[in-house]
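Engineer: Sharing a structure here in structure tokens format.
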Amino acid sequence: MNPSTLIGIVASCLMLASVLLLSAESSMSFVNLPGLAIVVTGTLAATFISYPLREVLRVVRLVGIVFRREDSYVNDDIKELVDMSRLWFKGNVRAVEKALQGTRNPFLRTGVQLVIDHTKEEEIIDLLRWRIARLKARELAEAHIFRTMASYAPAFGMLGTLVGLVNMLEIMNTSNLAEIGPRMAVALLTTFYGILLANLVFKPIAVKLERRTEERLIAMNMVLEGIALMSKRRLPSFIEETLNSFMANYHDEIREVSPDKSPGNKTPGGNEAMTHA
Amino acid sequence: MNPSTLIGIVASCLMLASVLLLSAESSMSFVNLPGLAIVVTGTLAATFISYPLREVLRVVRLVGIVFRREDSYVNDDIKELVDMSRLWFKGNVRAVEKALQGTRNPFLRTGVQLVIDHTKEEEIIDLLRWRIARLKARELAEAHIFRTMASYAPAFGMLGTLVGLVNMLEIMNTSNLAEIGPRMAVALLTTFYGILLANLVFKPIAVKLERRTEERLIAMNMVLEGIALMSKRRLPSFIEETLNSFMANYHDEIREVSPDKSPGNKTPGGNEAMTHA
Amino acid sequence: MNPSTLIGIVASCLMLASVLLLSAESSMSFVNLPGLAIVVTGTLAATFISYPLREVLRVVRLVGIVFRREDSYVNDDIKELVDMSRLWFKGNVRAVEKALQGTRNPFLRTGVQLVIDHTKEEEIIDLLRWRIARLKARELAEAHIFRTMASYAPAFGMLGTLVGLVNMLEIMNTSNLAEIGPRMAVALLTTFYGILLANLVFKPIAVKLERRTEERLIAMNMVLEGIALMSKRRLPSFIEETLNSFMANYHDEIREVSPDKSPGNKTPGGNEAMTHA
Amino acid sequence: MNPSTLIGIVASCLMLASVLLLSAESSMSFVNLPGLAIVVTGTLAATFISYPLREVLRVVRLVGIVFRREDSYVNDDIKELVDMSRLWFKGNVRAVEKALQGTRNPFLRTGVQLVIDHTKEEEIIDLLRWRIARLKARELAEAHIFRTMASYAPAFGMLGTLVGLVNMLEIMNTSNLAEIGPRMAVALLTTFYGILLANLVFKPIAVKLERRTEERLIAMNMVLEGIALMSKRRLPSFIEETLNSFMANYHDEIREVSPDKSPGNKTPGGNEAMTHA
Amino acid sequence: MNPSTLIGIVASCLMLASVLLLSAESSMSFVNLPGLAIVVTGTLAATFISYPLREVLRVVRLVGIVFRREDSYVNDDIKELVDMSRLWFKGNVRAVEKALQGTRNPFLRTGVQLVIDHTKEEEIIDLLRWRIARLKARELAEAHIFRTMASYAPAFGMLGTLVGLVNMLEIMNTSNLAEIGPRMAVALLTTFYGILLANLVFKPIAVKLERRTEERLIAMNMVLEGIALMSKRRLPSFIEETLNSFMANYHDEIREVSPDKSPGNKTPGGNEAMTHA
């Protein structure tokens, strides 16, 4: 399970538990089922009107993603790609095809397949770019559903509070003032639920999905670059170095803590960059 | 009818019914016709000043779209386009023209018409791109009307509440305090209406229109790509594979659940991609 | 006069009249001249500090635009342009020059003038693009003044309310509570004025100006396209068809209600599109 | 002094004076030095943490700009540029160099210097574009400081009000209710200060700086265009006409009030445009 | 230590100290540990759910950056680059390699390494552009974490206040009214904490990180330009002049205070610009 999400959920539960058990007079004073129903039903209703059914149902799957561990396969992908480019450079098309069947990255597979089919380089790039653009559009649209829900939830929380206030004010002339406090407390709870849902559920999920998409786009662009080089029939060692150089993650591009003292790194770019990766 | 919109409307009605019937003392306490009039009249007045008459009237038609089922014709379009490219490849211009009269997609028809008229490729692309750009601009402008209305509605809701409060405070010195509660309740109702209209009507419609435009742009770009290939006189089988590859919808571009085991898919790109579509 | 603006103003007046006459105890309870002065003076003062004098004064002229009927001259412009291209194609430069003196569209005139002066195509395009870009920049800057005013007005409304509240609270210990209500009502009125000005005046004007600019940019780009074709010495009939095709306004690019049954439209693109325009 | 800023300041002072002298019970009730200190200190502290010292100190100079009269030197620049291009066209390099020493526009000087040094056209454009981009980045960053301050000020105003409310509520059980009013008034004053600073000082300055940058970018792009033409060794008269045409400021690109009746304007573009400038 | 941050922190502390010691009845009335816990735990929990663990932990390092003095190494980098280009121009590859080992800027090192390895110019530019783009994406993502935290903090502050209000209102019917004041004060403190954290900690850090990234991108683009010129084998003196011209920081591109009187600066562009740097 995703460790960061786990920490976040445990911390949220602790916070809510302490709010409910310690600060409140009775633990029931923060439970207001009709208010919760207004917030949840309203948010869902607005979401259903906003999006096609197909996309709303996808939301369930997306929540699962946030809990799942997101591993980075970039280094595996580079290795696979370099291995295939080596086979391809030797002219061993059959071996590349066999390796292709074992790869689990469909984007990489399509790209290499196009290369060994001798498709023109610009057409390969066009097709792969289109797929990157579609993945980006689709995943950002998914994250946007949660952004939209995060904007609906506090609005319906406020609606519920207005309902509670109206009900409270209606009876103000018939009852004693002592009844007003608890009724107003109940009214405020729906705002509480709306803000809680927006800031602990919908917005964090949206941010996580957006960050995940960004990571994926970097990985896919790297594969795209490798396939372009492979299509240009560059040396496999050059491809490896270039890709490693692309992935090298400097802590500070402006100033290192100490200059590199290792002598004699003459290989083109990548090699030099790798020693710092 | 659009199933998602239906679910949303039913859920909204249930929510509002339970608010009115269950929580309120009397079901009339949430009805405040002058307040509703301020919100609706104000929002409409501001919208009329903001947009030309022609565009405001179009809004009625747009609301209908949200209720209508939006089918995707992408696969039909690909089939039609590939069929025509086959006829065109065989040099059977008359048959293409006949097929053109049967197609219901005006964008596709214009494109193919230009191809069989031997218009230069870049001019075809220019004209089709212009039409895509215009559709995008027009539909986003339409969605924007609802975004604008969604920002006016709560503002006029708040205006109505201020009117109610001013009226209430004016008489505070002459009447007894017991009358204040119900009057304040009535004042708050206009804010309630404003938020309700913005979050259950205007904003969801705007989001749905925006999503629909995005889907359409993807479909039109796909047709544009097919027509460009047809104009380049590519093989119909290549066009079919490329378009199918464009439309292939991977669940996860980074990692499949299980690698593809089927051997021997050597056809250029599209074919391979189709097996996963 | 612009019919949409007229409807909007009448509706606003009705709304305000009903608020003033029907709901209020006395029609004077919504008049608070010092409060109105704070909102208007504050908004104007901030606007004067924000913009050069020249631009603020232009605002008066801009308000007039919102009231004026905005006619679309696109079809006239296409006709004029096609007529001139016909004369130009025949080599009748003198007739083109005569026609030029009759045209009322300065953008069209400059473009055709450059064509008959045998300026290079890319230089004509550069100059006309610059003029489109300048018009866009200038008109969006003008609309932005109203956006800025729409953000100042509620802020100064709130300022006025704070002034009123502070004055009210200052005397709370010396006077009886009955005086608080009317004083608070007066304080709230400035917020009322601020929201009213922002949402019924400044924001609608800004939106209308922005929409108008968009329409103009479409028309100017269309003229630019026609002049580019004229400079390339295309057939006048081709120019006409292309421009009409550009302006064709499909209700639905994806699916028509019924397919086109008219046989034998073979002319390049434009003609076919015109039958649906 | 900038007349617009002057009007704005006078209007602000009148507004504040009338608020202080006329509406308030005593003119001291709007003075709350601790509250003002919280807003100002907080805003400055947050600004110092946000920006490097160098940039914060530059702010003082920027405030001066808002007061200074901003003259437009565009016409002078065009004249200078055309004069130099005339000398340059005659091959009189020495005279151009002399003229260069008299020019006060460093951007123009660098450009012409590069031209007479026979630098390649694309390298001149590259260097001048970089300088335009840097000026834009630097000036927008400066305007952004004020935008940031405009967002800090109301936040610290609200903080001060919370401080005042907490202090007031703390003593509510020990003192009589009559003391609450004035204390709450004092608390609200910090919000008043925060909104006032943001909307009458920081935001207007930010807007003015942004507008000024836009004007400058137009002027610099115009000089860039002229230097590009000079580098291409175009006729000085052509350069003059093109630049004048660029600067021509039509009131309405779509429809003039009356068509141009003057006959026989055949010179390339610029000349025709100049008659309307 | 960063002088600007230091000033900001001292000013914040003074402001808070004066708030706590002078204005409050007792210095303890602004301490509300449960409220602070809600704000901090909630903000952190939402941040952990929003971002992968790796990125959240990086935050600690980022806070350090804000305190560290940010020196500009641009002039050193230009000097190093020009020295190396001189050696490279003389064909002394061994000396360049030696100089490379001493440089502390990894971006500069990779670029020069690629040049002396005779990599094609466009490939060098591609690789260096990718690294600039990645640095930009990574650093803006880091700054975005703080922007997100700045939006969570006030939301959880408001949540805490709602909790406090609900608790207070629950007991309103059982206790005397005198107890309400202090309880409400405690409730408001969480809003106070949320706004304080957002505006004095999270938002300033985000702004500072963003500004720092902008400065770095300018420096890296300058190095990129120098390496491109070196790869084109331009004269070292030309490279030096161009880079210095790029870095020249005019106070005013439009009008200098006094025109340059120094005669005879004929060297290409850079030289002339340097005299004003």
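In the structure tokens, each chain is lettered A, B, ... as it comes, each chain's residues begin at 1, and ligands are numbered from 1 in order of appearance.
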Give me the residues near range 109-111 of chain E as a compact mmCIF listing (two decimals) with N, CA, C and O atoms, in the first residue's frame, where near means some atom within 9 Å (using only C-alpha atoms) and where sequence neighbours in that chain fewer than 3 positions away do not count.

Structural biologist:
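Below is the file result-v2.txt, written as the result:
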# COMPACT_ATOMS: atom_id res chain seq x y z
N GLY A 269 28.59 12.59 -23.10
CA GLY A 269 27.50 13.11 -22.28
C GLY A 269 26.92 12.16 -21.26
O GLY A 269 27.12 12.31 -20.07
N GLY A 270 26.20 11.22 -21.74
CA GLY A 270 25.51 10.28 -20.87
C GLY A 270 26.41 9.69 -19.82
O GLY A 270 26.12 9.74 -18.62
N GLU A 272 29.22 10.60 -18.59
CA GLU A 272 29.64 11.58 -17.61
C GLU A 272 28.50 11.85 -16.63
O GLU A 272 28.68 11.91 -15.43
N ALA A 273 27.30 11.98 -17.19
CA ALA A 273 26.16 12.29 -16.35
C ALA A 273 25.84 11.13 -15.42
O ALA A 273 25.43 11.32 -14.28
N LEU E 100 37.34 21.13 -16.97
CA LEU E 100 36.01 20.58 -16.69
C LEU E 100 35.95 19.95 -15.31
O LEU E 100 34.93 20.03 -14.62
N GLN E 101 37.04 19.27 -14.92
CA GLN E 101 37.03 18.59 -13.63
C GLN E 101 36.95 19.58 -12.47
O GLN E 101 36.58 19.22 -11.36
N THR E 103 35.21 22.48 -12.60
CA THR E 103 33.99 23.27 -12.55
C THR E 103 32.97 22.64 -11.61
O THR E 103 32.91 21.42 -11.47
N ARG E 104 32.20 23.48 -10.95
CA ARG E 104 31.24 22.96 -9.98
C ARG E 104 29.82 23.01 -10.49
O ARG E 104 28.89 22.65 -9.79
N ASN E 105 29.63 23.48 -11.72
CA ASN E 105 28.28 23.56 -12.28
C ASN E 105 28.06 22.35 -13.19
O ASN E 105 28.60 22.27 -14.29
N PRO E 106 27.25 21.36 -12.73
CA PRO E 106 27.12 20.12 -13.50
C PRO E 106 26.47 20.34 -14.86
O PRO E 106 26.77 19.61 -15.81
N LEU E 114 29.90 17.48 -23.90
CA LEU E 114 29.27 17.09 -25.15
C LEU E 114 29.92 17.80 -26.34
O LEU E 114 30.11 17.21 -27.40
N VAL E 115 30.30 19.08 -26.13
CA VAL E 115 30.93 19.83 -27.23
C VAL E 115 32.27 19.19 -27.59
O VAL E 115 32.56 18.95 -28.77
N ILE E 116 33.09 18.90 -26.57
CA ILE E 116 34.43 18.37 -26.89
C ILE E 116 34.34 16.93 -27.38
O ILE E 116 35.29 16.42 -27.98
N ILE E 124 23.07 18.34 -28.62
CA ILE E 124 23.48 18.98 -27.36
C ILE E 124 22.33 19.85 -26.85
O ILE E 124 21.91 19.76 -25.68
N ILE E 125 21.78 20.67 -27.75
CA ILE E 125 20.72 21.60 -27.35
C ILE E 125 19.52 20.81 -26.82
O ILE E 125 18.93 21.15 -25.79
N LEU E 127 19.44 17.83 -25.43
CA LEU E 127 19.70 17.24 -24.11
C LEU E 127 19.67 18.33 -23.03
O LEU E 127 19.05 18.15 -21.98
N LEU E 128 20.33 19.47 -23.31
CA LEU E 128 20.38 20.53 -22.29
C LEU E 128 19.00 21.13 -22.08
O LEU E 128 18.62 21.42 -20.94
N VAL E 223 23.90 29.75 -20.05
CA VAL E 223 24.93 28.74 -20.28
C VAL E 223 24.62 27.97 -21.57
O VAL E 223 25.51 27.71 -22.38
N LEU E 224 23.35 27.63 -21.77
CA LEU E 224 22.93 26.91 -22.98
C LEU E 224 23.32 27.70 -24.22
O LEU E 224 23.86 27.15 -25.19
N ILE E 227 27.06 27.51 -24.79
CA ILE E 227 27.52 26.22 -25.30
C ILE E 227 27.13 26.05 -26.76
O ILE E 227 27.88 25.48 -27.56
N ALA E 228 25.95 26.59 -27.13
CA ALA E 228 25.55 26.52 -28.53
C ALA E 228 26.54 27.28 -29.41
O ALA E 228 26.96 26.79 -30.46

Engineer: Once DSSP has gone over the backbone, tell me which residues of range 32-274 of chain A are in helix (DSSP H, G or I), as a PyMOL selection string.

Structural biologist: chain A and resi 33-50+53-67+74-89+93-102+106-116+121-170+177-231+236-247+270-274

Engineer: Return the neighbours of chain B among the residues of chain A, cut-off 8 Å, counting only C-alpha atoms, as a PDB file with C-alpha atoms, in the first residue's frame.

Structural biologist:
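Heads up, here's the output in selection_4.pdb:
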ATOM      1  CA  ALA A  37     -26.738  13.083   3.538  1.00  0.00           C
ATOM      2  CA  ILE A  38     -27.252  16.596   2.111  1.00  0.00           C
ATOM      3  CA  THR A  41     -26.116  13.404  -2.041  1.00  0.00           C
ATOM      4  CA  GLY A  42     -25.727  16.966  -3.300  1.00  0.00           C
ATOM      5  CA  LEU A  44     -22.855  13.197  -6.061  1.00  0.00           C
ATOM      6  CA  ALA A  45     -25.955  14.581  -7.786  1.00  0.00           C
ATOM      7  CA  ALA A  46     -24.012  17.579  -9.132  1.00  0.00           C
ATOM      8  CA  THR A  47     -21.199  15.261 -10.223  1.00  0.00           C
ATOM      9  CA  PHE A  48     -23.626  12.965 -12.064  1.00  0.00           C
ATOM     10  CA  ILE A  49     -25.147  15.930 -13.890  1.00  0.00           C
ATOM     11  CA  SER A  50     -21.663  17.247 -14.688  1.00  0.00           C
ATOM     12  CA  TYR A  51     -20.101  14.104 -16.151  1.00  0.00           C
ATOM     13  CA  PRO A  52     -21.200  11.156 -18.315  1.00  0.00           C
ATOM     14  CA  LEU A  53     -22.063   8.013 -16.368  1.00  0.00           C
ATOM     15  CA  TYR A  73       9.516   1.347 -13.917  1.00  0.00           C
ATOM     16  CA  GLU A  97       9.865  -9.726 -31.511  1.00  0.00           C
ATOM     17  CA  GLN A 101       6.108 -10.337 -26.167  1.00  0.00           C
ATOM     18  CA  GLY A 102       7.682 -10.281 -22.733  1.00  0.00           C
ATOM     19  CA  THR A 103       7.491  -6.547 -22.165  1.00  0.00           C
ATOM     20  CA  ARG A 104       4.664  -5.272 -20.006  1.00  0.00           C
ATOM     21  CA  ASN A 105       4.761  -1.637 -21.111  1.00  0.00           C
ATOM     22  CA  PRO A 106       2.256  -1.316 -23.996  1.00  0.00           C
ATOM     23  CA  PHE A 107       3.579   2.087 -25.020  1.00  0.00           C
ATOM     24  CA  THR A 110       3.929  -0.328 -29.797  1.00  0.00           C
ATOM     25  CA  GLY A 111       6.906   1.934 -30.385  1.00  0.00           C
ATOM     26  CA  GLN A 113       6.940  -2.801 -33.041  1.00  0.00           C
ATOM     27  CA  LEU A 114       6.645   0.233 -35.312  1.00  0.00           C
ATOM     28  CA  ASP A 117       8.153  -2.737 -39.087  1.00  0.00           C
ATOM     29  CA  THR A 119       7.646   2.682 -40.235  1.00  0.00           C
ATOM     30  CA  LEU A 127       1.563   8.158 -33.265  1.00  0.00           C
ATOM     31  CA  TRP A 130      -0.794  11.289 -29.962  1.00  0.00           C
ATOM     32  CA  ARG A 131      -0.881   8.502 -27.375  1.00  0.00           C
ATOM     33  CA  LEU A 135      -3.139   9.737 -21.849  1.00  0.00           C
ATOM     34  CA  TYR A 152     -19.166  21.094  -4.871  1.00  0.00           C
ATOM     35  CA  ALA A 155     -21.080  24.528  -1.448  1.00  0.00           C
ATOM     36  CA  LEU A 159     -26.463  24.780   1.692  1.00  0.00           C
ATOM     37  CA  LEU A 162     -28.506  27.402   5.512  1.00  0.00           C
ATOM     38  CA  VAL A 163     -31.254  24.744   5.730  1.00  0.00           C
ATOM     39  CA  LEU A 165     -30.373  27.962  10.102  1.00  0.00           C
ATOM     40  CA  VAL A 166     -33.691  28.528   8.346  1.00  0.00           C
ATOM     41  CA  ASN A 167     -35.287  25.728  10.362  1.00  0.00           C
ATOM     42  CA  LEU A 169     -34.901  30.685  12.871  1.00  0.00           C
ATOM     43  CA  GLU A 170     -38.439  29.575  11.949  1.00  0.00           C
ATOM     44  CA  ILE A 171     -39.041  28.281  15.459  1.00  0.00           C
ATOM     45  CA  MET A 172     -37.206  31.047  17.267  1.00  0.00           C
ATOM     46  CA  ASN A 173     -40.413  32.823  18.154  1.00  0.00           C
ATOM     47  CA  THR A 174     -42.160  29.747  19.546  1.00  0.00           C
ATOM     48  CA  ARG A 216       4.090   9.137 -16.273  1.00  0.00           C
ATOM     49  CA  MET A 220       6.710   8.137 -21.651  1.00  0.00           C
TER      50      MET A 220
END
